>>> print(open('my_file.cif').read())   # mmCIF, C-alpha atoms (C1' of nucleotides)
data_start
#
loop_
_atom_site.label_atom_id
_atom_site.label_comp_id
_atom_site.auth_asym_id
_atom_site.auth_seq_id
_atom_site.Cartn_x
_atom_site.Cartn_y
_atom_site.Cartn_z
CA MET A 272 0.00 0.00 0.00
CA ARG A 273 2.75 2.39 -0.83
CA THR A 274 1.55 5.63 -2.30
CA THR A 275 5.11 6.34 -3.33
CA ASP A 276 4.68 4.62 -6.64
CA LEU A 277 2.63 7.59 -7.75
CA LEU A 278 4.63 10.21 -9.56
CA THR A 279 4.51 13.98 -9.29
CA VAL A 280 4.26 16.14 -12.34
CA GLY A 281 7.90 17.06 -11.96
CA GLU A 282 9.03 13.45 -11.93
CA ILE A 283 6.87 12.59 -14.90
CA ALA A 284 8.31 15.53 -16.78
CA ARG A 285 11.87 14.62 -15.95
CA ARG A 286 11.48 10.98 -16.86
CA SER A 287 9.46 11.50 -20.02
CA GLY A 288 11.36 14.45 -21.36
CA PHE A 289 8.22 16.52 -21.73
CA ALA A 290 8.00 19.89 -20.03
CA GLU A 291 5.82 20.14 -16.96
CA SER A 292 3.62 22.62 -18.77
CA ALA A 293 3.08 20.06 -21.52
CA ILE A 294 2.12 17.40 -19.00
CA ARG A 295 -0.43 19.70 -17.42
CA TYR A 296 -1.67 20.70 -20.84
CA TYR A 297 -2.13 17.07 -21.82
CA GLU A 298 -4.00 16.33 -18.63
CA GLY A 299 -6.27 19.29 -19.35
CA LEU A 300 -6.97 17.81 -22.77
CA GLY A 301 -7.79 14.48 -21.24
CA LEU A 302 -4.82 12.69 -22.77
CA LEU A 303 -3.54 11.82 -19.31
CA ALA A 304 -5.34 10.98 -16.11
CA ALA A 305 -4.15 12.02 -12.68
CA ASP A 306 -5.25 11.45 -9.12
CA ARG A 307 -5.08 14.36 -6.74
CA THR A 308 -3.66 14.55 -3.26
CA ALA A 309 -5.59 16.15 -0.43
CA GLY A 310 -3.69 19.30 -1.28
CA ASN A 311 -4.81 19.15 -4.94
CA GLN A 312 -1.49 18.08 -6.39
CA ARG A 313 -1.39 15.70 -9.34
CA ARG A 314 -0.23 12.14 -8.83
CA PHE A 315 0.33 10.03 -11.92
CA GLU A 316 0.47 6.29 -12.23
CA ARG A 317 3.62 4.77 -13.63
CA SER A 318 1.77 3.68 -16.76
CA THR A 319 1.49 7.35 -17.65
CA LEU A 320 5.08 7.16 -18.81
CA ARG A 321 4.20 4.61 -21.45
CA ARG A 322 1.26 6.70 -22.47
CA LEU A 323 3.60 9.63 -22.93
CA ALA A 324 5.97 7.49 -24.96
CA PHE A 325 3.05 6.67 -27.19
CA ILE A 326 2.19 10.33 -27.49
CA ARG A 327 5.72 11.23 -28.46
CA ALA A 328 5.90 8.44 -31.00
CA ALA A 329 2.58 9.45 -32.49
CA ARG A 330 3.68 13.07 -32.72
CA ASN A 331 6.88 11.97 -34.46
CA VAL A 332 4.84 10.11 -37.02
CA GLY A 333 2.82 13.25 -37.58
CA LEU A 334 -0.41 12.77 -35.65
CA SER A 335 -2.14 15.78 -34.17
CA LEU A 336 -3.13 15.79 -30.52
CA THR A 337 -6.71 15.30 -31.63
CA GLU A 338 -5.75 12.10 -33.42
CA VAL A 339 -3.71 11.02 -30.43
CA ALA A 340 -6.73 11.56 -28.21
CA ALA A 341 -8.88 9.45 -30.53
CA ALA A 342 -6.32 6.68 -30.53
CA LEU A 343 -5.93 6.70 -26.77
CA SER A 344 -9.68 6.61 -26.24
CA SER A 345 -9.78 3.29 -28.06
CA LEU A 346 -7.67 1.68 -25.36
CA PRO A 347 -9.51 -0.74 -23.08
CA ALA A 348 -11.06 0.96 -20.08
CA GLY A 349 -10.44 -0.40 -16.64
CA ARG A 350 -7.19 -2.20 -17.17
CA THR A 351 -3.63 -1.22 -17.88
CA PRO A 352 -2.94 -1.49 -21.62
CA THR A 353 -0.77 -4.39 -22.70
CA ARG A 354 1.98 -4.38 -25.28
CA ALA A 355 -0.52 -5.80 -27.71
CA ASP A 356 -2.77 -2.79 -27.13
CA TRP A 357 0.00 -0.34 -27.91
CA SER A 358 1.07 -2.40 -30.86
CA ARG A 359 -2.44 -2.34 -32.28
CA LEU A 360 -2.60 1.43 -31.96
CA SER A 361 0.61 1.99 -33.85
CA ARG A 362 -0.05 -0.52 -36.60
CA GLY A 363 -1.90 2.04 -38.73
CA TRP A 364 1.06 4.38 -38.72
CA ARG A 365 2.86 2.23 -41.22
CA HIS A 366 0.33 3.13 -43.88
CA ARG A 367 0.48 6.77 -42.95
CA LEU A 368 4.23 6.86 -43.28
CA ASP A 369 4.06 4.98 -46.57
CA GLU A 370 1.77 7.67 -47.93
CA GLN A 371 4.00 10.46 -46.74
CA ILE A 372 7.02 8.84 -48.30
CA GLU A 373 5.19 8.23 -51.54
CA ALA A 374 4.03 11.82 -51.71
CA LEU A 375 7.51 13.19 -51.09
CA THR A 376 9.02 10.81 -53.62
CA ALA A 377 6.54 11.88 -56.26
CA LEU A 378 7.32 15.49 -55.47
CA ARG A 379 11.04 14.83 -55.80
CA ASP A 380 10.61 13.06 -59.09
CA GLY A 381 8.52 15.93 -60.37
CA LEU A 382 11.27 18.25 -59.25
CA ASP A 383 13.82 16.25 -61.20
CA SER A 384 11.83 16.70 -64.36
CA CYS A 385 11.46 20.41 -63.69
CA ILE A 386 14.92 21.39 -62.64
CA GLY A 387 16.33 21.67 -66.11
CA CYS A 388 13.61 23.87 -67.46
CA GLY A 389 12.96 26.27 -64.61
CA CYS A 390 9.44 26.61 -65.87
CA LEU A 391 7.42 26.66 -62.64
CA SER A 392 4.34 27.24 -64.72
CA LEU A 393 1.27 27.73 -62.61
CA GLN A 394 -0.63 25.57 -65.06
CA ARG A 395 1.79 22.82 -65.91
CA CYS A 396 4.65 22.55 -63.45
CA ALA A 397 4.51 19.47 -61.27
CA ILE A 398 6.07 21.34 -58.38
CA SER A 399 4.09 24.53 -58.28
CA ASN A 400 0.88 22.75 -59.23
CA PRO A 401 1.41 19.15 -58.22
CA ALA A 402 -2.12 17.85 -58.68
CA ASP A 403 -1.97 19.00 -62.31
CA THR A 404 -5.34 20.66 -61.94
CA ALA A 405 -4.93 24.33 -62.70
CA ARG A 406 -7.17 25.05 -59.73
CA ALA A 407 -10.08 24.79 -62.15
CA GLY A 408 -12.40 24.69 -59.18
CA GLY A 409 -12.29 23.44 -55.66
CA PRO A 410 -9.22 22.59 -53.71
CA GLY A 411 -7.92 20.05 -56.19
CA ALA A 412 -6.42 16.71 -55.43
CA ALA A 413 -4.13 16.42 -52.46
CA TYR A 414 -0.61 15.64 -53.54
CA LEU A 415 1.04 15.92 -50.21
CA PRO A 416 -0.40 14.23 -47.15
CA PRO A 417 -1.98 16.45 -44.53
CA GLY A 418 0.72 17.84 -42.38
CA LEU A 419 3.14 18.05 -45.24
CA ARG A 420 0.79 20.08 -47.36
CA ARG A 421 1.44 23.75 -47.75
CA ASP A 422 -1.25 24.44 -50.26
CA ASP A 423 -4.14 22.66 -48.68
CA SER A 424 -7.84 23.02 -48.29
CA ARG A 425 -7.55 25.47 -45.43
CA LEU A 426 -6.07 27.91 -47.88
CA ALA A 427 -8.33 27.03 -50.76
CA SER A 428 -11.40 27.39 -48.61
CA ALA A 429 -10.56 31.03 -48.19
CA ARG A 430 -12.40 32.12 -51.27
CA MET B 132 3.65 52.13 -73.70
CA ARG B 133 0.57 50.31 -72.58
CA THR B 134 0.02 50.38 -68.87
CA THR B 135 -2.49 47.60 -69.33
CA ASP B 136 0.14 44.94 -68.99
CA LEU B 137 0.28 45.75 -65.31
CA LEU B 138 -1.98 43.57 -63.21
CA THR B 139 -4.21 44.48 -60.29
CA VAL B 140 -4.11 42.51 -57.10
CA GLY B 141 -7.41 40.88 -58.05
CA GLU B 142 -6.08 39.68 -61.38
CA ILE B 143 -2.89 38.38 -59.81
CA ALA B 144 -4.90 36.51 -57.23
CA ARG B 145 -7.23 34.98 -59.81
CA ARG B 146 -4.41 33.91 -62.10
CA SER B 147 -2.07 32.62 -59.41
CA GLY B 148 -4.63 30.91 -57.24
CA PHE B 149 -3.46 32.77 -54.15
CA ALA B 150 -5.96 34.78 -52.15
CA GLU B 151 -5.77 38.55 -52.47
CA SER B 152 -4.97 38.79 -48.80
CA ALA B 153 -2.01 36.48 -49.32
CA ILE B 154 -0.76 38.61 -52.21
CA ARG B 155 -0.91 41.73 -50.07
CA TYR B 156 0.71 39.87 -47.21
CA TYR B 157 3.55 38.74 -49.43
CA GLU B 158 4.06 42.25 -50.71
CA GLY B 159 4.21 43.46 -47.13
CA LEU B 160 6.92 40.90 -46.44
CA GLY B 161 8.87 42.06 -49.47
CA LEU B 162 8.42 38.82 -51.39
CA LEU B 163 6.66 40.72 -54.17
CA ALA B 164 7.18 44.18 -55.57
CA ALA B 165 4.39 46.40 -56.78
CA ASP B 166 4.11 49.80 -58.38
CA ARG B 167 1.36 52.10 -57.20
CA THR B 168 -1.12 54.11 -59.23
CA ALA B 169 -1.82 57.74 -58.46
CA GLY B 170 -4.69 56.46 -56.33
CA ASN B 171 -2.35 54.16 -54.35
CA GLN B 172 -3.51 50.92 -55.89
CA ARG B 173 -1.04 48.10 -56.50
CA ARG B 174 0.03 47.26 -60.02
CA PHE B 175 2.07 44.12 -60.54
CA GLU B 176 4.30 43.16 -63.40
CA ARG B 177 3.50 39.99 -65.26
CA SER B 178 6.69 38.38 -63.95
CA THR B 179 5.09 38.41 -60.52
CA LEU B 180 3.11 35.37 -61.61
CA ARG B 181 6.25 33.36 -62.07
CA ARG B 182 7.51 34.58 -58.75
CA LEU B 183 4.32 33.32 -57.17
CA ALA B 184 4.70 29.99 -58.92
CA PHE B 185 8.14 29.78 -57.35
CA ILE B 186 6.70 30.62 -53.97
CA ARG B 187 4.06 27.95 -54.24
CA ALA B 188 6.57 25.36 -55.39
CA ALA B 189 8.92 26.27 -52.56
CA ARG B 190 6.11 26.02 -50.02
CA ASN B 191 5.16 22.61 -51.41
CA VAL B 192 8.70 21.45 -50.91
CA GLY B 193 8.50 22.68 -47.34
CA LEU B 194 10.34 26.00 -47.27
CA SER B 195 9.22 28.67 -44.85
CA LEU B 196 8.47 32.16 -46.08
CA THR B 197 11.72 33.26 -44.52
CA GLU B 198 13.62 30.77 -46.64
CA VAL B 199 11.64 31.80 -49.68
CA ALA B 200 12.57 35.41 -49.03
CA ALA B 201 16.24 34.46 -48.79
CA ALA B 202 16.06 32.52 -52.02
CA LEU B 203 14.28 35.31 -53.87
CA SER B 204 16.77 37.89 -52.67
CA SER B 205 19.51 35.95 -54.43
CA LEU B 206 17.91 36.63 -57.79
CA PRO B 207 19.75 39.11 -60.01
CA ALA B 208 18.67 42.68 -59.40
CA GLY B 209 17.68 44.84 -62.31
CA ARG B 210 16.69 42.22 -64.81
CA THR B 211 13.87 39.77 -65.15
CA PRO B 212 14.99 36.34 -63.94
CA THR B 213 15.58 33.74 -66.59
CA ARG B 214 14.66 30.09 -66.56
CA ALA B 215 18.20 29.37 -65.54
CA ASP B 216 17.80 31.63 -62.54
CA TRP B 217 14.69 29.80 -61.35
CA SER B 218 16.30 26.48 -62.08
CA ARG B 219 19.30 27.39 -59.96
CA LEU B 220 17.09 28.33 -57.05
CA SER B 221 15.22 25.06 -57.04
CA ARG B 222 18.24 22.83 -57.51
CA GLY B 223 18.91 22.62 -53.78
CA TRP B 224 15.43 21.34 -53.10
CA ARG B 225 16.37 17.92 -54.38
CA HIS B 226 18.71 17.42 -51.46
CA ARG B 227 16.15 18.68 -49.03
CA LEU B 228 13.55 16.26 -50.29
CA ASP B 229 16.05 13.42 -50.22
CA GLU B 230 16.67 14.12 -46.58
CA GLN B 231 13.00 14.25 -45.76
CA ILE B 232 12.40 10.96 -47.55
CA GLU B 233 15.33 9.35 -45.83
CA ALA B 234 14.15 10.49 -42.43
CA LEU B 235 10.64 9.21 -42.98
CA THR B 236 11.93 5.91 -44.33
CA ALA B 237 14.11 5.43 -41.29
CA LEU B 238 11.15 6.22 -39.08
CA ARG B 239 9.01 3.69 -40.94
CA ASP B 240 11.66 0.98 -40.68
CA GLY B 241 12.00 1.68 -36.99
CA LEU B 242 8.26 1.37 -36.71
CA ASP B 243 8.38 -2.03 -38.40
CA SER B 244 10.80 -3.27 -35.81
CA CYS B 245 8.66 -1.87 -33.02
CA ILE B 246 5.20 -2.91 -34.08
CA GLY B 247 5.45 -6.46 -32.83
CA CYS B 248 6.68 -5.56 -29.40
CA GLY B 249 4.62 -2.49 -28.57
CA CYS B 250 7.45 -1.35 -26.38
CA LEU B 251 7.50 2.38 -27.01
CA SER B 252 10.18 2.65 -24.41
CA LEU B 253 11.20 6.19 -23.74
CA GLN B 254 14.80 5.04 -23.61
CA ARG B 255 15.03 2.49 -26.39
CA CYS B 256 12.15 2.71 -28.85
CA ALA B 257 13.17 4.02 -32.25
CA ILE B 258 9.82 5.74 -32.67
CA SER B 259 9.37 7.50 -29.39
CA ASN B 260 13.04 8.29 -29.07
CA PRO B 261 14.37 8.22 -32.63
CA ALA B 262 17.79 9.66 -32.04
CA ASP B 263 18.49 6.93 -29.49
CA THR B 264 19.77 9.50 -27.06
CA ALA B 265 17.68 9.23 -23.94
CA ARG B 266 17.62 12.99 -23.79
CA ALA B 267 20.79 12.76 -21.78
CA GLY B 268 21.30 16.45 -22.31
CA GLY B 269 20.45 18.98 -24.93
CA PRO B 270 17.96 18.59 -27.68
CA GLY B 271 19.54 15.44 -29.09
CA ALA B 272 20.11 14.60 -32.69
CA ALA B 273 17.49 15.51 -35.21
CA TYR B 274 15.90 12.47 -36.71
CA LEU B 275 13.23 14.16 -38.68
CA PRO B 276 14.01 17.11 -40.91
CA PRO B 277 12.85 20.51 -39.71
CA GLY B 278 9.22 20.90 -40.58
CA LEU B 279 8.53 17.24 -40.07
CA ARG B 280 9.89 17.29 -36.57
CA ARG B 281 7.48 17.22 -33.68
CA ASP B 282 10.05 16.96 -30.97
CA ASP B 283 12.42 19.66 -31.97
CA SER B 284 14.58 22.27 -30.39
CA ARG B 285 11.77 24.71 -29.94
CA LEU B 286 10.26 22.29 -27.50
CA ALA B 287 13.52 21.23 -25.95
CA SER B 288 14.54 24.83 -25.38
CA ALA B 289 11.66 25.12 -22.99
CA ARG B 290 13.60 23.89 -20.04
"C1'" DC C 237 7.69 26.64 12.84
"C1'" DT C 238 10.30 28.15 9.26
"C1'" DT C 239 12.13 27.78 4.97
"C1'" DG C 240 12.74 26.32 0.39
"C1'" DT C 241 11.36 23.73 -3.36
"C1'" DA C 242 7.66 22.06 -5.92
"C1'" DG C 243 3.14 22.34 -6.87
"C1'" DT C 244 -1.58 24.94 -8.19
"C1'" DT C 245 -4.65 28.01 -11.34
"C1'" DG C 246 -6.26 31.01 -15.15
"C1'" DA C 247 -5.00 34.08 -18.42
"C1'" DA C 248 -2.04 35.73 -21.60
"C1'" DG C 249 1.69 35.21 -24.92
"C1'" DC C 250 4.17 33.14 -28.91
"C1'" DC C 251 4.98 31.21 -33.64
"C1'" DA C 252 3.71 30.95 -38.77
"C1'" DG C 253 0.94 32.20 -42.15
"C1'" DC C 254 -2.33 33.95 -43.37
"C1'" DT C 255 -7.84 35.66 -43.10
"C1'" DT C 256 -11.27 38.62 -41.44
"C1'" DT C 257 -13.13 42.88 -40.19
"C1'" DA C 258 -13.93 47.75 -40.09
"C1'" DT C 259 -13.62 51.76 -42.28
"C1'" DG C 260 -12.61 54.39 -45.99
"C1'" DT C 261 -10.99 55.44 -51.18
"C1'" DC C 262 -10.69 54.72 -56.29
"C1'" DA C 263 -12.25 53.88 -61.03
"C1'" DG C 264 -15.30 53.25 -64.65
"C1'" DG C 265 -20.09 52.65 -66.70
"C1'" DG C 266 -24.56 54.79 -67.18
"C1'" DC D 222 -22.86 62.94 -60.87
"C1'" DC D 223 -23.73 58.66 -58.88
"C1'" DC D 224 -23.40 53.95 -58.06
"C1'" DT D 225 -21.02 49.75 -57.75
"C1'" DG D 226 -17.33 46.86 -57.29
"C1'" DA D 227 -12.63 46.62 -56.66
"C1'" DC D 228 -9.10 48.49 -53.95
"C1'" DA D 229 -6.63 50.58 -49.60
"C1'" DT D 230 -5.07 50.20 -44.48
"C1'" DA D 231 -4.46 48.73 -39.67
"C1'" DA D 232 -5.63 45.79 -36.34
"C1'" DA D 233 -7.55 41.82 -34.71
"C1'" DG D 234 -8.53 36.90 -35.14
"C1'" DC D 235 -7.51 32.05 -36.02
"C1'" DT D 236 -5.19 27.24 -35.58
"C1'" DG D 237 -2.17 24.09 -32.86
"C1'" DG D 238 0.64 23.26 -29.34
"C1'" DC D 239 2.38 24.56 -26.13
"C1'" DT D 240 5.15 28.27 -22.67
"C1'" DT D 241 5.21 31.98 -19.56
"C1'" DC D 242 3.46 34.79 -16.01
"C1'" DA D 243 1.47 36.18 -11.63
"C1'" DA D 244 -0.20 35.10 -7.50
"C1'" DC D 245 -0.82 31.73 -4.46
"C1'" DT D 246 -0.58 26.89 -1.81
"C1'" DA D 247 1.53 22.32 -0.41
"C1'" DC D 248 4.86 19.49 1.48
"C1'" DA D 249 9.16 17.80 3.50
"C1'" DA D 250 13.44 18.80 5.82
"C1'" DG D 251 15.63 20.87 9.61
#
>>> encode(input="my_file.cif", output="C-alpha cells")
Amino acid sequence: MRTTDLLTVGEIARRSGFAESAIRYYEGLGLLAADRTAGNQRRFERSTLRRLAFIRAARNVGLSLTEVAAALSSLPAGRTPTRADWSRLSRGWRHRLDEQIEALTALRDGLDSCIGCGCLSLQRCAISNPADTARAGGPGAAYLPPGLRRDDSRLASAR
Amino acid sequence: MRTTDLLTVGEIARRSGFAESAIRYYEGLGLLAADRTAGNQRRFERSTLRRLAFIRAARNVGLSLTEVAAALSSLPAGRTPTRADWSRLSRGWRHRLDEQIEALTALRDGLDSCIGCGCLSLQRCAISNPADTARAGGPGAAYLPPGLRRDDSRLASAR
DNA sequence: CTTGTAGTTGAAGCCAGCTTTATGTCAGGG
DNA sequence: CCCTGACATAAAGCTGGCTTCAACTACAAG
C-alpha cells in the first residue's frame, strides 16, 4: 500500500522528457489521467510514462493531438494497456508513413523533371501545381499528405 | 507604352490561385514588388506570376516564407529572372527532399521493428526516441528534418 | 515553525501564415 | 454625378501546441 509509486508532475516531466507545462496541458486535454492529493497536487500512475511514450511516438509520425486523443480513447477501459494494445494502436502508422514517403518521392521526381527547365508554370509545373489541376475549381487533389501540405484546403477554402 | 500589362491585385490573385490577402501579405513581407497608381492601388508586373509559382513550389517542398525570401533575394537585381535563374534556385530542393524521404523511411523501418513488441520505451524505442539519445542532455540529434519534426529544439529549449 | 522547493490556477503570450473585419478610397459605366 | 465593385489600411482573429506569467498553496526537511 505504498503511495510512493505515484509520480509527481515534476518526476513525470523529468522521466518522459516533456515539459511540466506540456504534462499539465495534456491532462487538461484528457490525454492523461491524474489522481489528486488532499492538497490538490497531481499524482500520476507509472503507466502514464508509457502513455507519454506513445504520445511522443505518435507526434513523431505526424499525428495531431486530436488524433492522439482518438487513438488513446480506443484503449480498453479499466485495465492497464498491454503491449498488444499499444502495438495495435501503432499498426496504422505504417500506412500513414508509406503515404508520406510516396508523396515526397513523387514530389522529388517531379522536381527532377522540372529542374532543367525552370518553368514553374502555374498551369503545368509538377512542383508549383502538383495535382496537375490548374485550380479549375475546388481545392484540387491532395498531392502531399496532410501535415506536409502547404497548399491545402484550409487555404483554398478562403475564397 | 501600354500600362495595361500591369496587373491588379485581383487579377494576380485569380491567375495565381493565391488569395488577395495572401498577395498583399507577401508584398508586405517584401516577397513581391508592386508599383502604385496615383490612387495608391497596386500594379504588378507579369513576372510576378512566375515569382508566385516559385513561392508555391517552394512552399510545397517545405520551405518557410523566410527561406523563400532568402532565395528570392539571391535573384539578379535589375533584370527579369531567366529560366536558368529559377532552375538554380530550385536545384537545392532535391537534397532537401532526399533528406526528408530518408528520415521518414528510417522512421518507418524503426516502426516495423517496433510494431510487434509495442514497447514504445522512452529510452530504447526508435519511434518515441528516434535519435536513441535518452535525452541525456540537450535537444539530441534531429531524426526528422525541420518541418517534419514534432520533438524539436523549440520544445527542448523550454527547459 | 520556518524555509525552500515544488506544486496549483487562469489568463495571456508566442509562432507561422495567413484571413477577417472595419472603415474608408478609387475607377469606370450609365 | 452617382453607383457599384474593386481596392486601400491597420488591427484583430484564427489554428495548434504549447510556454510563460502572476499570485498563491503544499509538502518535506531541519
>>> closest_residue(input="my_file.cif", among="B:Arg255, B:Arg182, B:Arg214, B:Arg155", to="chain A", atoms="only C-alpha atoms")
B:Arg214
>>> resolve_selection(input="my_file.cif", expression="the PyMOL selection byres ((chain B) within 9 of (chain C))", output="list in words")
Ser152, Ala153, Tyr156, Gly170, Asn171, Gln172, Ser195 and Leu196 of chain B
>>> interface_residues(input="my_file.cif", of="chain D", to="chain B", cutoff="9 Å", atoms="all atoms listed in the file", output="PyMOL selection string")
chain D and resi 227-229+239-240
>>> closest_atom_pairs(input="my_file.cif", of="chain B", to="chain A", cutoff="7 Å", atoms="all atoms listed in the file", output="Markdown table")
| residue | atom | partner | partner_atom | distance |
| --- | --- | --- | --- | --- |
| B:Ser147 | CA | A:Leu393 | CA | 6.7 |
| B:Gly148 | CA | A:Arg406 | CA | 6.9 |
| B:Arg181 | CA | A:Leu391 | CA | 6.8 |
| B:Ala184 | CA | A:Leu393 | CA | 5.5 |
| B:Phe185 | CA | A:Leu391 | CA | 6.2 |
| B:Arg187 | CA | A:Ser399 | CA | 5.3 |
| B:Ala188 | CA | A:Ser399 | CA | 3.9 |
| B:Arg190 | CA | A:Arg421 | CA | 5.7 |
| B:Asn191 | CA | A:Arg421 | CA | 5.3 |
| B:Arg214 | CA | A:Gly389 | CA | 4.6 |
| B:Ala215 | CA | A:Gly389 | CA | 6.2 |
| B:Trp217 | CA | A:Gly389 | CA | 5.1 |
| B:Ser218 | CA | A:Gly389 | CA | 4.2 |
| B:Ser221 | CA | A:Ile386 | CA | 6.7 |
| B:Arg222 | CA | A:Ile386 | CA | 6.3 |
| B:Arg225 | CA | A:Arg379 | CA | 6.3 |
| B:Leu228 | CA | A:Arg379 | CA | 6.2 |
| B:Ile232 | CA | A:Ile372 | CA | 5.8 |
| B:Leu235 | CA | A:Ile372 | CA | 6.4 |
| B:Thr236 | CA | A:Ile372 | CA | 7.0 |
| B:Arg239 | CA | A:Leu368 | CA | 6.2 |
| B:Ile246 | CA | A:Ser358 | CA | 5.3 |
| B:Gly247 | CA | A:Ser358 | CA | 6.3 |
| B:Cys248 | CA | A:Arg354 | CA | 6.4 |
| B:Gly249 | CA | A:Ser358 | CA | 4.2 |
| B:Cys250 | CA | A:Arg354 | CA | 6.3 |
| B:Leu251 | CA | A:Ala324 | CA | 5.7 |
| B:Ser252 | CA | A:Ala324 | CA | 6.4 |
| B:Leu253 | CA | A:Ala324 | CA | 5.5 |
| B:Ile258 | CA | A:Ala328 | CA | 5.0 |
| B:Ser259 | CA | A:Ala328 | CA | 3.9 |
| B:Arg266 | CA | A:Gly288 | CA | 6.9 |
| B:Arg280 | CA | A:Asn331 | CA | 6.5 |
| B:Arg281 | CA | A:Asn331 | CA | 5.3 |
| B:Asp282 | CA | A:Asn331 | CA | 6.9 |
| B:Arg290 | CA | A:Ala290 | CA | 6.9 |
>>> closest_residue(input="my_file.cif", among="A:Leu278, A:Ala348, A:Leu300, A:Ala342", to="Arg317 of chain A", atoms="all atoms listed in the file")
A:Leu278
>>> atom_distance(input="my_file.cif", atom1="atom CA of Arg174 of chain B", atom2="atom CA of Leu137 of chain B")
5.5 Å
>>> atom_distance(input="my_file.cif", atom1="atom CA of Gly301 of chain A", atom2="atom C1' of DA244 of chain D")
25.9 Å
